[in-house]
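*Asks:* File target_2.txt follows (compact mmCIF, C-alpha atoms):
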# COMPACT_ATOMS: atom_id res chain seq x y z
CA MET B 1 24.45 13.89 11.78
CA ALA B 2 21.67 16.34 10.91
CA ILE B 3 18.57 14.75 9.38
CA THR B 4 16.17 16.84 7.32
CA VAL B 5 12.97 15.64 5.66
CA ARG B 6 11.65 17.07 2.40
CA LEU B 7 9.63 16.18 -0.66
CA GLY B 8 11.39 13.90 -3.11
CA THR B 9 11.84 14.77 -6.79
CA PRO B 10 12.96 12.89 -9.92
CA ALA B 11 16.45 14.26 -9.25
CA ASP B 12 16.57 11.87 -6.28
CA ASN B 13 15.97 8.77 -8.40
CA ALA B 14 19.56 7.48 -8.36
CA LYS B 15 19.84 7.81 -4.58
CA MET B 16 16.43 6.20 -4.17
CA GLN B 17 17.53 3.21 -6.24
CA ASP B 18 20.67 2.92 -4.09
CA LEU B 19 18.60 2.99 -0.88
CA ILE B 20 16.14 0.37 -2.13
CA THR B 21 18.98 -1.98 -3.06
CA LYS B 22 20.19 -1.91 0.56
CA ILE B 23 16.86 -3.29 1.85
CA THR B 24 16.84 -7.05 1.37
CA MET B 25 14.66 -9.98 2.41
CA PRO B 26 16.75 -12.64 4.16
CA GLY B 27 16.57 -16.33 3.32
CA VAL B 28 18.41 -19.03 1.42
CA ALA B 29 18.16 -16.61 -1.52
CA GLN B 30 18.58 -12.98 -0.51
CA MET B 31 16.10 -10.83 -2.45
CA CYS B 32 15.50 -7.14 -3.03
CA PHE B 33 12.20 -5.60 -4.20
CA GLN B 34 13.35 -2.99 -6.69
CA ARG B 35 11.77 -0.15 -8.69
CA ASP B 36 14.43 0.08 -11.39
CA PRO B 37 15.21 2.12 -13.48
CA ASP B 38 12.71 4.88 -12.62
CA PHE B 39 10.97 4.83 -9.24
CA PHE B 40 8.41 7.35 -10.43
CA VAL B 41 7.01 5.10 -13.18
CA GLY B 42 6.01 2.53 -10.56
CA ALA B 43 4.72 5.25 -8.23
CA LYS B 44 2.26 6.38 -10.91
CA VAL B 45 0.96 2.80 -11.15
CA ILE B 46 0.29 2.58 -7.41
CA GLY B 47 -1.79 5.77 -7.41
CA ASP B 48 -2.87 8.56 -9.74
CA GLU B 49 -1.41 11.00 -7.20
CA PHE B 50 1.33 10.55 -4.63
CA VAL B 51 3.44 12.40 -2.09
CA LEU B 52 7.02 11.15 -1.75
CA THR B 53 9.08 12.23 1.26
CA VAL B 54 12.78 11.57 1.70
CA ALA B 55 15.27 12.04 4.55
CA ASP B 56 18.70 13.60 3.99
CA ASP B 57 21.78 13.45 6.21
CA SER B 58 23.94 16.59 5.99
CA GLU B 59 27.06 14.53 6.71
CA ARG B 60 26.34 11.99 3.92
CA PRO B 61 24.95 14.00 0.97
CA ASP B 62 25.31 11.13 -1.50
CA VAL B 63 22.73 8.89 0.20
CA LEU B 64 19.15 9.04 1.43
CA ALA B 65 18.48 7.99 5.02
CA GLY B 66 14.92 6.97 4.16
CA LEU B 67 11.85 7.47 2.03
CA THR B 68 8.13 6.83 2.12
CA VAL B 69 5.27 7.26 -0.34
CA ILE B 70 1.55 7.81 0.21
CA SER B 71 -0.43 7.34 -3.00
CA GLY B 72 -4.03 8.32 -3.68
CA ARG B 73 -6.50 6.43 -5.82
CA GLU B 74 -10.25 5.98 -6.18
CA LEU B 75 -11.56 2.77 -4.60
CA PHE B 76 -14.97 1.30 -3.93
CA ILE B 77 -15.69 1.42 -0.19
CA SER B 78 -19.09 0.19 1.04
CA GLY B 79 -20.29 0.26 -2.57
CA LYS B 80 -19.34 3.88 -3.23
CA LYS B 81 -16.33 5.59 -4.81
CA ARG B 82 -13.95 7.07 -2.28
CA ARG B 83 -10.45 8.55 -2.41
CA VAL B 84 -8.22 6.21 -0.38
CA TYR B 85 -4.49 6.59 0.25
CA TYR B 86 -1.99 3.74 0.17
CA SER B 87 1.00 3.96 2.49
CA GLY B 88 3.84 1.94 1.04
CA ASP B 89 7.49 1.74 0.01
CA THR B 90 8.71 2.94 3.39
CA ARG B 91 12.45 2.28 3.38
CA VAL B 92 15.09 3.23 5.95
CA ASP B 93 18.79 2.71 5.32
CA PRO B 94 20.03 0.05 7.79
CA PHE B 95 22.72 2.53 8.87
CA TYR B 96 19.95 4.76 10.32
CA ARG B 97 17.70 2.15 11.95
CA ARG B 98 16.23 3.01 15.36
CA ARG B 99 16.88 6.73 14.93
CA GLY B 100 13.30 7.84 14.35
CA ILE B 101 13.66 8.28 10.59
CA ALA B 102 10.32 6.62 9.78
CA SER B 103 8.46 8.80 12.29
CA ASN B 104 10.04 11.93 10.77
CA LEU B 105 8.95 10.84 7.30
CA PHE B 106 5.35 10.29 8.46
CA ILE B 107 5.30 13.61 10.32
CA GLU B 108 6.11 15.30 7.02
CA GLN B 109 3.47 13.21 5.22
CA LYS B 110 0.83 14.25 7.75
CA LYS B 111 1.08 17.83 6.45
CA PHE B 112 -0.54 16.63 3.22
CA ARG B 113 -3.32 14.56 4.81
CA SER B 114 -6.39 15.39 6.88
CA THR B 115 -7.90 13.58 9.85
CA GLU B 116 -10.77 12.59 7.53
CA ASP B 117 -8.55 10.69 5.09
CA LEU B 118 -8.71 6.90 4.92
CA LEU B 119 -5.37 5.16 4.43
CA GLN B 120 -4.42 1.52 3.98
CA GLY B 121 -1.26 -0.55 3.74
CA ILE B 122 0.25 -4.04 3.77
CA VAL B 123 2.79 -5.62 6.14
CA LEU B 124 4.43 -9.03 5.83
CA LYS B 125 3.20 -11.68 8.31
CA GLU B 126 1.82 -9.13 10.77
CA ASN B 127 5.26 -7.52 11.04
CA THR B 128 3.89 -4.38 12.67
CA ALA B 129 7.09 -3.34 14.48
CA PRO B 130 7.97 -0.67 11.86
CA LEU B 131 4.42 0.71 12.07
CA ASP B 132 4.57 0.80 15.86
CA ALA B 133 7.87 2.67 15.74
CA ALA B 134 6.63 5.19 13.17
CA ALA B 135 3.31 5.80 14.95
CA ASN B 136 4.98 7.13 18.08
CA SER B 137 6.70 10.45 17.51
CA ALA B 138 8.29 12.80 20.04
CA ASP B 139 5.01 14.73 20.19
CA GLY B 140 2.86 11.67 20.92
CA VAL B 141 0.85 9.28 18.79
CA LEU B 142 1.16 10.28 15.13
CA PHE B 143 -1.39 7.86 13.68
CA ARG B 144 -3.29 4.70 14.56
CA TYR B 145 -3.73 1.53 12.53
CA TRP B 146 -5.94 -1.57 12.62
CA ILE B 147 -5.09 -4.95 11.06
CA SER B 148 -8.15 -6.00 9.05
CA HIS B 149 -7.44 -9.00 6.78
CA ALA B 150 -4.95 -11.82 6.28
CA ILE B 151 -3.70 -11.98 2.68
CA GLU B 152 -2.49 -15.11 0.95
CA THR B 153 -0.28 -14.38 -2.05
CA SER B 154 0.22 -17.39 -4.30
CA PHE B 155 2.93 -17.82 -6.88
CA ILE B 156 1.24 -20.45 -9.02
CA PHE B 157 3.83 -22.51 -10.89
CA THR B 158 3.22 -22.56 -14.61
CA ARG B 159 3.15 -25.73 -16.72
CA LYS B 160 1.80 -26.86 -20.05
CA ILE B 161 -1.92 -27.12 -19.52
CA LYS B 162 -5.21 -27.54 -21.32
CA PRO B 163 -7.51 -24.94 -19.72
CA ARG B 164 -10.36 -26.38 -17.67
CA ILE B 165 -13.21 -24.25 -18.95
CA PRO B 166 -16.77 -24.79 -17.60
CA ASN B 167 -19.43 -26.05 -19.99
CA GLY B 168 -21.07 -23.27 -21.93
CA VAL B 169 -18.26 -20.79 -21.19
CA GLN B 170 -15.87 -19.37 -23.79
CA ILE B 171 -12.55 -17.69 -22.94
CA ARG B 172 -10.57 -15.53 -25.35
CA ALA B 173 -8.30 -12.50 -25.42
CA ALA B 174 -10.09 -9.16 -25.14
CA THR B 175 -9.97 -6.54 -27.91
CA THR B 176 -10.70 -2.82 -28.00
CA ALA B 177 -14.16 -3.67 -29.33
CA ASP B 178 -14.89 -5.28 -25.93
CA VAL B 179 -14.09 -2.14 -23.91
CA PRO B 180 -17.69 -0.81 -23.53
CA ALA B 181 -19.00 -4.20 -22.39
CA MET B 182 -16.00 -4.70 -20.07
CA GLN B 183 -16.62 -1.29 -18.49
CA ALA B 184 -20.31 -2.06 -17.97
CA PHE B 185 -19.46 -5.42 -16.37
CA PHE B 186 -16.84 -3.78 -14.17
CA ASP B 187 -19.17 -0.98 -13.05
CA ARG B 188 -21.74 -3.56 -11.99
CA GLU B 189 -19.46 -6.12 -10.31
CA ALA B 190 -16.51 -4.25 -8.77
CA PRO B 191 -18.50 -2.40 -6.05
CA ARG B 192 -19.27 -5.80 -4.45
CA ARG B 193 -15.79 -5.63 -2.86
CA ASN B 194 -14.22 -3.07 -0.60
CA GLY B 195 -10.94 -1.70 -1.83
CA TYR B 196 -11.51 -2.47 -5.51
CA PRO B 197 -9.79 0.29 -7.57
CA VAL B 198 -12.09 2.27 -9.82
CA TYR B 199 -10.94 1.51 -13.36
CA ASP B 200 -11.55 3.33 -16.63
CA PHE B 201 -10.77 1.02 -19.53
CA SER B 202 -10.74 3.89 -22.02
CA LYS B 203 -7.75 5.33 -20.12
CA LEU B 204 -6.03 1.95 -20.26
CA VAL B 205 -6.44 1.89 -24.05
CA ALA B 206 -5.19 5.49 -24.26
CA GLY B 207 -1.95 4.59 -22.45
CA ASP B 208 -2.54 6.36 -19.13
CA PRO B 209 0.55 5.88 -16.85
CA TYR B 210 -1.72 4.34 -14.19
CA TYR B 211 -1.79 1.25 -16.45
CA ALA B 212 1.88 1.24 -17.53
CA GLY B 213 2.84 -1.94 -19.35
CA LEU B 214 -0.74 -3.24 -19.63
CA SER B 215 -2.82 -3.54 -22.81
CA ILE B 216 -6.39 -4.60 -23.44
CA GLY B 217 -5.08 -7.72 -25.19
CA ASP B 218 -3.56 -8.88 -21.89
CA PHE B 219 -7.08 -9.60 -20.59
CA ALA B 220 -8.68 -13.04 -20.74
CA LEU B 221 -12.42 -12.61 -21.21
CA ALA B 222 -14.94 -15.25 -20.10
CA THR B 223 -18.37 -15.16 -21.75
CA ARG B 224 -21.54 -17.21 -21.67
CA ASN B 225 -24.14 -16.77 -24.42
CA GLY B 226 -22.22 -13.71 -25.56
CA GLU B 227 -22.34 -12.01 -22.16
CA ILE B 228 -19.24 -11.28 -20.08
CA ILE B 229 -19.17 -13.28 -16.84
CA GLY B 230 -15.58 -12.63 -15.82
CA PHE B 231 -12.17 -11.38 -16.78
CA LEU B 232 -8.58 -11.39 -15.65
CA ALA B 233 -5.34 -9.92 -17.01
CA GLY B 234 -1.70 -10.94 -16.91
CA TRP B 235 0.34 -7.81 -16.16
CA ASN B 236 4.06 -7.84 -16.91
CA GLN B 237 5.57 -5.13 -14.67
CA LYS B 238 9.23 -6.09 -14.96
CA ALA B 239 10.03 -2.85 -16.82
CA TYR B 240 9.67 -0.91 -13.55
CA LYS B 241 9.17 -3.42 -10.71
CA GLN B 242 11.45 -6.39 -9.99
CA THR B 243 12.28 -9.01 -7.37
CA ARG B 244 16.04 -9.27 -7.76
CA ILE B 245 18.42 -11.89 -6.35
CA VAL B 246 21.31 -10.21 -4.54
CA GLY B 247 22.89 -13.20 -2.80
CA PHE B 248 22.75 -16.91 -1.94
CA LYS B 249 23.81 -19.05 0.95
CA PRO B 250 26.89 -21.03 -0.17
CA ILE B 251 25.12 -24.38 -0.46
CA VAL B 252 22.32 -22.84 -2.56
CA LYS B 253 24.83 -21.19 -4.87
CA LEU B 254 26.52 -24.55 -5.38
CA LEU B 255 23.30 -26.49 -6.03
CA ARG B 256 21.50 -23.81 -8.07
CA PRO B 257 22.08 -25.48 -11.50
CA LEU B 258 20.70 -28.82 -10.24
CA TYR B 259 17.77 -27.10 -8.57
CA ASN B 260 16.89 -25.26 -11.77
CA LEU B 261 16.92 -28.54 -13.70
CA TYR B 262 14.57 -30.04 -11.10
CA VAL B 263 12.02 -27.20 -11.15
CA GLY B 264 12.20 -27.14 -14.94
CA VAL B 265 10.56 -30.56 -14.81
CA THR B 266 8.34 -30.28 -11.70
CA GLY B 267 7.46 -26.57 -11.81
CA GLY B 268 8.66 -23.72 -9.65
CA PHE B 269 10.84 -20.63 -9.63
CA LYS B 270 14.16 -20.99 -11.42
CA LEU B 271 16.85 -19.22 -9.42
CA PRO B 272 18.68 -16.74 -11.64
CA ALA B 273 22.31 -15.83 -11.11
CA ILE B 274 23.04 -13.04 -8.62
CA GLY B 275 21.72 -9.84 -10.16
CA GLY B 276 18.93 -11.64 -12.03
CA THR B 277 15.19 -11.33 -11.33
CA LEU B 278 12.44 -13.79 -10.49
CA ASN B 279 10.27 -14.44 -13.54
CA TYR B 280 6.57 -14.09 -12.70
CA LEU B 281 3.45 -12.50 -14.14
CA SER B 282 0.98 -10.63 -11.91
CA LEU B 283 -2.69 -11.58 -12.23
CA TYR B 284 -4.67 -8.36 -12.33
CA ASN B 285 -8.26 -7.06 -12.28
CA ILE B 286 -9.79 -10.31 -11.00
CA LEU B 287 -13.54 -10.05 -11.49
CA VAL B 288 -15.99 -12.94 -11.75
CA ALA B 289 -19.80 -12.78 -11.66
CA LYS B 290 -21.35 -14.58 -8.68
CA ASP B 291 -17.79 -15.40 -7.48
CA ASP B 292 -17.89 -18.59 -9.53
CA PRO B 293 -14.67 -20.48 -8.67
CA GLU B 294 -14.80 -22.64 -11.81
CA VAL B 295 -14.83 -19.55 -14.03
CA LEU B 296 -11.84 -18.07 -12.17
CA GLN B 297 -9.99 -21.37 -12.49
CA GLY B 298 -10.72 -21.37 -16.22
CA LEU B 299 -9.36 -17.83 -16.55
CA ILE B 300 -6.18 -18.67 -14.63
CA ASP B 301 -5.70 -21.80 -16.72
CA TRP B 302 -6.17 -19.78 -19.92
CA ILE B 303 -3.60 -17.18 -18.86
CA MET B 304 -1.20 -19.99 -17.90
CA ALA B 305 -1.64 -21.72 -21.26
CA ASN B 306 -1.01 -18.50 -23.19
CA GLN B 307 0.96 -15.56 -21.70
CA GLY B 308 2.01 -17.68 -18.75
CA GLN B 309 4.24 -19.99 -20.77
CA LYS B 310 6.96 -17.29 -20.74
CA TYR B 311 7.02 -17.18 -16.92
CA ASP B 312 7.85 -19.47 -14.01
CA ALA B 313 4.81 -18.42 -11.99
CA LEU B 314 1.58 -16.42 -11.91
CA ALA B 315 1.21 -14.17 -8.85
CA ILE B 316 -2.20 -13.64 -7.28
CA GLY B 317 -3.16 -12.10 -3.95
CA ILE B 318 -6.49 -12.87 -2.24
CA THR B 319 -7.63 -12.42 1.36
CA GLN B 320 -8.11 -15.68 3.20
CA THR B 321 -11.82 -14.97 3.72
CA ASP B 322 -12.55 -14.09 0.09
CA PRO B 323 -15.20 -16.30 -1.61
CA LEU B 324 -12.60 -17.12 -4.29
CA ALA B 325 -9.72 -17.90 -1.90
CA GLU B 326 -9.94 -21.64 -2.55
CA VAL B 327 -9.05 -21.33 -6.25
CA PRO B 328 -5.29 -20.59 -6.00
CA ARG B 329 -5.03 -23.44 -3.45
CA ARG B 330 -5.90 -25.91 -6.19
CA TYR B 331 -2.54 -25.29 -7.87
CA LYS B 332 1.04 -26.15 -7.04
CA ARG B 333 2.34 -22.90 -5.64
CA GLN B 334 4.61 -20.98 -3.31
CA LYS B 335 2.86 -18.94 -0.61
CA LEU B 336 3.56 -15.58 1.00
CA PHE B 337 1.45 -14.31 3.91
CA SER B 338 0.82 -10.67 4.75
CA SER B 339 -1.70 -8.48 6.55
CA HIS B 340 -3.82 -5.57 5.38
CA PHE B 341 -4.37 -2.62 7.70
CA TRP B 342 -6.41 0.56 7.79
CA LEU B 343 -4.59 3.67 8.99
CA SER B 344 -5.87 7.05 10.14
CA TYR B 345 -4.51 10.35 11.42
CA GLY B 346 -7.92 10.85 13.04
CA GLU B 347 -10.75 8.60 14.23
CA ASP B 348 -11.17 4.87 13.74
CA PRO B 349 -12.49 4.54 10.14
CA ARG B 350 -13.86 1.01 10.49
CA PRO B 351 -17.45 1.96 11.45
CA GLY B 352 -17.79 3.50 7.97
CA ILE B 353 -16.62 0.34 6.17
CA ASP B 354 -19.12 -2.48 5.74
CA ASP B 355 -18.37 -6.22 5.65
CA ARG B 356 -17.96 -6.73 1.90
CA PRO B 357 -14.93 -8.87 0.97
CA LEU B 358 -11.69 -6.93 0.65
CA TYR B 359 -10.09 -6.91 -2.79
CA VAL B 360 -6.30 -7.09 -3.14
CA GLU B 361 -4.74 -5.75 -6.34
CA LEU B 362 -1.25 -7.21 -6.21
CA GLY B 363 -0.01 -5.12 -9.13
CA ARG B 364 -0.64 -1.90 -7.21
CA LEU B 365 1.26 -2.68 -4.01
Here is the file; what I need is its structure written in the form of structure tokens.
*Replies:*
Amino acid sequence: MAITVRLGTPADNAKMQDLITKITMPGVAQMCFQRDPDFFVGAKVIGDEFVLTVADDSERPDVLAGLTVISGRELFISGKKRRVYYSGDTRVDPFYRRRGIASNLFIEQKKFRSTEDLLQGIVLKENTAPLDAAANSADGVLFRYWISHAIETSFIFTRKIKPRIPNGVQIRAATTADVPAMQAFFDREAPRRNGYPVYDFSKLVAGDPYYAGLSIGDFALATRNGEIIGFLAGWNQKAYKQTRIVGFKPIVKLLRPLYNLYVGVTGGFKLPAIGGTLNYLSLYNILVAKDDPEVLQGLIDWIMANQGQKYDALAIGITQTDPLAEVPRRYKRQKLFSSHFWLSYGEDPRPGIDDRPLYVELGRL
């Protein structure tokens, strides 16, 4: 076995899809987080630039031993725009586990980064073992990382609902005529959070690949006396990003039809047949003036009553210390816990990051 690491290209897409399918999340329903049919469409959503590295095995030319992606995007950090890199989609074929593949991938990635770069990432439930393994290469410590925030992802079960909208507030779908006012509201409010992506709504309207599958009409707009006080979008990403069922425990397979009848009445994820995907809508670009929880609740309710009726759940990620963290907890939901970390090839970046709440954009992970 001779492992070589190189930059990935679109010609690798089929082998990348095969590798991703091998990485599953165990449980009563075995799931796989896919990027089908074109990995590169989803990569352009995560960042407006990215470096993809892959590992080849000379003895098995039809497979990839591993891959990782580091994507760049403009975020607000301490109130100012800064280029930040997201380390994600690190996958190693189970056949090659514990052979240093991840470290080799990150060694190659380091060639494209400087010690001044700020990187971030997400791990499930503080599962830092893969990071620990990748950080230690044969030549010493490759990078360092620091867990910063606990993230609570909620899959809010949809139901027929009359939106609970605060007195004096109106909520409606946005139109292209709203774009200038939406941009002004965004430019004023988004810098209040660290890690908020810098968005250009004119590029969204123009069809920039950074916003693939999203339109201005997907936004719910909250106004008071004609002024925008919040907005939120429902982003359907199933065309390039899926959570697919690849297996069931025998008892779950047997009871799946009865379970689906039950959740059809009470709310929850219907379990598709093996090969099917979970049906959820990502809540995107969460922005509310003065962090008013009642306005956010009204926006979520409005999305649920409109776009949301085609889905089993609405997915929203918020750090547990966010001023708006209580809002998803008001709903019947399924929870997933993860941790955000800062990563650096150089010095500890945290002294340059103030204590503003951290924003989590679930659609860009």
*Asks:* Give me, as a Markdown table, each residue of range 7-61 of chain B that comes within 7 Å of range 72-96 of chain B, together with its shortest interatomic pair and the distance in Å at one decimal, counting all atoms listed in the file, with rows ordered by chain and rising residue number.
*Replies:*
| residue | atom | partner | partner_atom | distance |
| --- | --- | --- | --- | --- |
| B:Leu19 | CA | B:Asp93 | CA | 6.2 |
| B:Ile20 | CA | B:Arg91 | CA | 6.9 |
| B:Lys22 | CA | B:Asp93 | CA | 6.8 |
| B:Gly47 | CA | B:Arg73 | CA | 5.0 |
| B:Asp48 | CA | B:Arg73 | CA | 5.8 |
| B:Glu49 | CA | B:Gly72 | CA | 5.1 |
| B:Phe50 | CA | B:Gly72 | CA | 5.9 |
*Asks:* Create the file for the chosen residues now, containing C-alpha atoms and written as a PDB file, in the coordinates of the input.
*Replies:*
ATOM      1  CA  LEU B  19      18.600   2.990  -0.880  1.00  0.00           C
ATOM      2  CA  ILE B  20      16.140   0.370  -2.130  1.00  0.00           C
ATOM      3  CA  LYS B  22      20.190  -1.910   0.560  1.00  0.00           C
ATOM      4  CA  GLY B  47      -1.790   5.770  -7.410  1.00  0.00           C
ATOM      5  CA  ASP B  48      -2.870   8.560  -9.740  1.00  0.00           C
ATOM      6  CA  GLU B  49      -1.410  11.000  -7.200  1.00  0.00           C
ATOM      7  CA  PHE B  50       1.330  10.550  -4.630  1.00  0.00           C
TER       8      PHE B  50
END
*Asks:* Identify, on the basis of all atoms listed in the file, every residue whose closest approach to Gln17 in chain B does not exceed 12 Å; exclude the query and any residue fewer than 5 positions from it along the same chain; express the result as a count of residues only.
*Replies:* 24
*Asks:* Between B:Leu343, B:Ile353, B:Val263, B:Leu232, which is the closest to Phe157 in chain B once you count all atoms listed in the file?
*Replies:*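 When distances to Phe157 in chain B are compared using all atoms listed in the file, the smallest one comes from B:Val263.
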*Asks:* Kindly provide, as a list in words, the polymer residues lying within 10 Å of (2.5, -20.4, -16.3), counting all atoms listed in the file and using the coordinates exactly as they appear in the file.
*Replies:* Phe155, Ile156, Phe157, Thr158, Arg159, Lys160, Ile161, Gly267, Gly268, Tyr280, Leu281, Ile300, Asp301, Trp302, Ile303, Met304, Ala305, Asn306, Gln307, Gly308, Gln309, Lys310, Tyr311, Asp312, Ala313, Leu314 and Ala315 of chain B
*Asks:* Enumerate, in order of chain and increasing residue number, the residues of range 215-254 of chain B with an atom no farther than 7 Å from range 165-189 of chain B, each with its shortest atom pair and distance in Å to one decimal, counting all atoms listed in the file, as a tab-separated table.
*Replies:*
residue	atom	partner	partner_atom	distance
B:Ile216	CA	B:Thr175	CA	6.0
B:Gly217	CA	B:Ala174	CA	5.2
B:Asp218	CA	B:Ala173	CA	6.9
B:Phe219	CA	B:Ala174	CA	5.5
B:Ala220	CA	B:Ala173	CA	4.7
B:Leu221	CA	B:Ile171	CA	5.4
B:Ala222	CA	B:Ile171	CA	4.4
B:Thr223	CA	B:Gln170	CA	5.3
B:Arg224	CA	B:Val169	CA	4.9
B:Ile228	CA	B:Phe185	CA	6.9
*Asks:* Would you mind telling me which residue in B:Ser344, B:Thr9, B:Val54, B:Leu255 lies nearest to Thr115 in chain B when using all atoms listed in the file?
*Replies:*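 When distances to Thr115 in chain B are compared using all atoms listed in the file, the smallest one comes from B:Ser344.
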*Asks:* State, in Å with one decimal place, the distance from CA of Leu52 in chain B to CA of Ala65 in chain B.
*Replies:* 13.7 Å
*Asks:* Given the choices B:Pro61, B:Thr21, B:Thr153, B:Met31, which gets closest to Ala273 in chain B if the distance is worked out from all atoms listed in the file?
*Replies:* B:Met31
*Asks:* Between CA of Val327 in chain B and CA of Asn194 in chain B, what is the distance, to one decimal in Å?
*Replies:*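 So the two atoms, CA of Val327 in chain B and CA of Asn194 in chain B, lie 19.8 Å apart.
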*Asks:* Pick out the residues sitting within 7 Å of Ile46 in chain B, and hand them over as a PDB file with C-alpha atoms, keeping the file's coordinate frame; count only C-alpha atoms, and ignore anything fewer than 5 positions along from it in its own chain.
*Replies:*
ATOM      1  CA  SER B  71      -0.430   7.340  -3.000  1.00  0.00           C
ATOM      2  CA  ARG B 364      -0.640  -1.900  -7.210  1.00  0.00           C
ATOM      3  CA  LEU B 365       1.260  -2.680  -4.010  1.00  0.00           C
TER       4      LEU B 365
END
*Asks:* Figure out the distance between CA of Arg98 in chain B and CA of Glu347 in chain B, please, to one decimal in Å.
*Replies:*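 Answer for the CA of Glu347 in chain B to CA of Arg98 in chain B separation: 27.6 Å.
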*Asks:* Between B:Leu287, B:Leu214, B:Val123, B:Ala129, which has the minimum distance to Phe201 in chain B (counting all atoms listed in the file)?
*Replies:*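 Closest to Phe201 in chain B of all the choices is B:Leu214.
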*Asks:* I need the residue nearest Pro250 in chain B from this list: B:Ser137, B:Gln30, B:Asn236, B:Ser202. Use all atoms listed in the file for the distance.
*Replies:*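 Counting all atoms listed in the file, the residue closest to Pro250 in chain B is B:Gln30.
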*Asks:* B:Leu271, B:Gly346, B:Gln297, B:Arg330: which is nearest Val141 in chain B, counting all atoms listed in the file?
*Replies:*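 The answer is B:Gly346, which sits nearest to Val141 in chain B.
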